[in-house]
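Visitor: Sharing a structure here in structure tokens format.
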Amino acid sequence: MSQTASKGRVVFVKVDPTMNNGDDTAHASITRVWGEHPEGGRVVNIRVTLDAFAQDLWLTSVRLFDTEAEADAVRHLSPGACYWPPRV
């Protein structure tokens with residue numbers, strides 16, 4: 001993993017576009033880091049900020065990956081996956 005997961009770091013997560021003003025990606029803050037997942041990635045808890053919802057979405061034991069493509073490969077599994085924002 002190219003970056004270090006820690007509390008407060010921002011990640012991206014795929015969400016239902018109807019809950020996020022038409023966008024399928026939202027940003028989230030890491031609230032807890034659990035450790036390595038046996039099948040790859042780290043395991044984190046995140047607080048997702050949605051654009052069209054008054055309340056944040058809390059997800060626990062989410063797998064964190066370096067890239068969107070890596071997260072997309074497993075995001076259909078519960079509770080899903082998140083990834084680092086691309087560098088700009």
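By order of appearance in the structure tokens: chains A, B, ..., then residues from 1 within every chain, and ligands from 1 in the order shown.
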So which residues of region 35-80 of chain A fall under strand (DSSP E) by DSSP, listed as a list in words?

Guide: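 These are the residues in question: Gly35, Glu36, Arg42, Val43, Val44, Asn45, Ile46, Arg47, Val48, Thr49, Leu57, Trp58, Leu59, Thr60, Ser61, Val62, Arg63, Leu64 and Phe65 of chain A.
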
Visitor: Per residue of region 2-26 of chain A within 7 Å of region 61-82 of chain A, which atom pair is closest and at what distance in Å (one decimal), using only C-alpha atoms, listed by chain and increasing number, as JSON lines?

Guide:
```
{"residue": "A:Ser2", "atom": "CA", "partner": "A:Asp66", "partner_atom": "CA", "distance": 6.7}
{"residue": "A:Val11", "atom": "CA", "partner": "A:Cys82", "partner_atom": "CA", "distance": 6.5}
{"residue": "A:Phe12", "atom": "CA", "partner": "A:Cys82", "partner_atom": "CA", "distance": 5.6}
{"residue": "A:Val13", "atom": "CA", "partner": "A:Cys82", "partner_atom": "CA", "distance": 4.6}
```

Visitor: Go ahead and write the selection's residues with N, CA and C atoms as an mmCIF file, in the first residue's frame.

Guide:
```cif
data_model
loop_
_atom_site.group_PDB
_atom_site.id
_atom_site.type_symbol
_atom_site.label_atom_id
_atom_site.label_comp_id
_atom_site.auth_asym_id
_atom_site.auth_seq_id
_atom_site.Cartn_x
_atom_site.Cartn_y
_atom_site.Cartn_z
ATOM 1 N N SER A 2 0.612 2.152 -0.871
ATOM 2 C CA SER A 2 1.495 3.298 -1.040
ATOM 3 C C SER A 2 1.287 4.387 0.000
ATOM 4 N N VAL A 11 -10.620 9.315 2.121
ATOM 5 C CA VAL A 11 -10.665 8.282 1.093
ATOM 6 C C VAL A 11 -11.926 8.488 0.261
ATOM 7 N N PHE A 12 -12.021 7.793 -0.854
ATOM 8 C CA PHE A 12 -13.224 7.808 -1.686
ATOM 9 C C PHE A 12 -13.934 6.468 -1.550
ATOM 10 N N VAL A 13 -15.256 6.501 -1.701
ATOM 11 C CA VAL A 13 -16.070 5.288 -1.653
ATOM 12 C C VAL A 13 -17.194 5.429 -2.675
#
```

Visitor: Between A:Phe53, A:Ala26, A:Arg47, A:Val33, which residue has the minimum interatomic distance to Lys14 (chain A), considering only C-alpha atoms?

Guide: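 Among the listed residues, A:Ala26 lies closest to Lys14 (chain A).
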
Visitor: Using only C-alpha atoms, which residue out of A:Pro38, A:His27, A:Val10, A:Arg32 lies closest to Leu57 (chain A)?

Guide: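 Looking at the shortest contact to Leu57 (chain A), the residue is A:His27.
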
Visitor: Between A:Asn21, A:Thr31, A:Gln3, A:Gln55, which residue has the minimum interatomic distance to Pro85 (chain A), considering only C-alpha atoms?

Guide: A:Gln3

Visitor: To one decimal place, how far is CA of Trp34 (chain A) from CA of Ala52 (chain A) in Å?

Guide: 29.3 Å

Visitor: Expressed in Å to a single decimal, how great is the separation between CA of Ala54 (chain A) and CA of Ser6 (chain A)?

Guide: 25.6 Å

Visitor: Find the distance between CA of Asn20 (chain A) and CA of Glu39 (chain A) and write it in Å to one decimal.

Guide: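 So the answer is 29.6 Å.
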
Visitor: So which residues of chain A fall under alpha helix (DSSP H) by DSSP, listed as a list in words?

Guide: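 Going through chain A, the alpha helix (DSSP H) residues come out as Glu68, Ala69, Glu70, Ala71, Asp72, Ala73 and Val74 of chain A.
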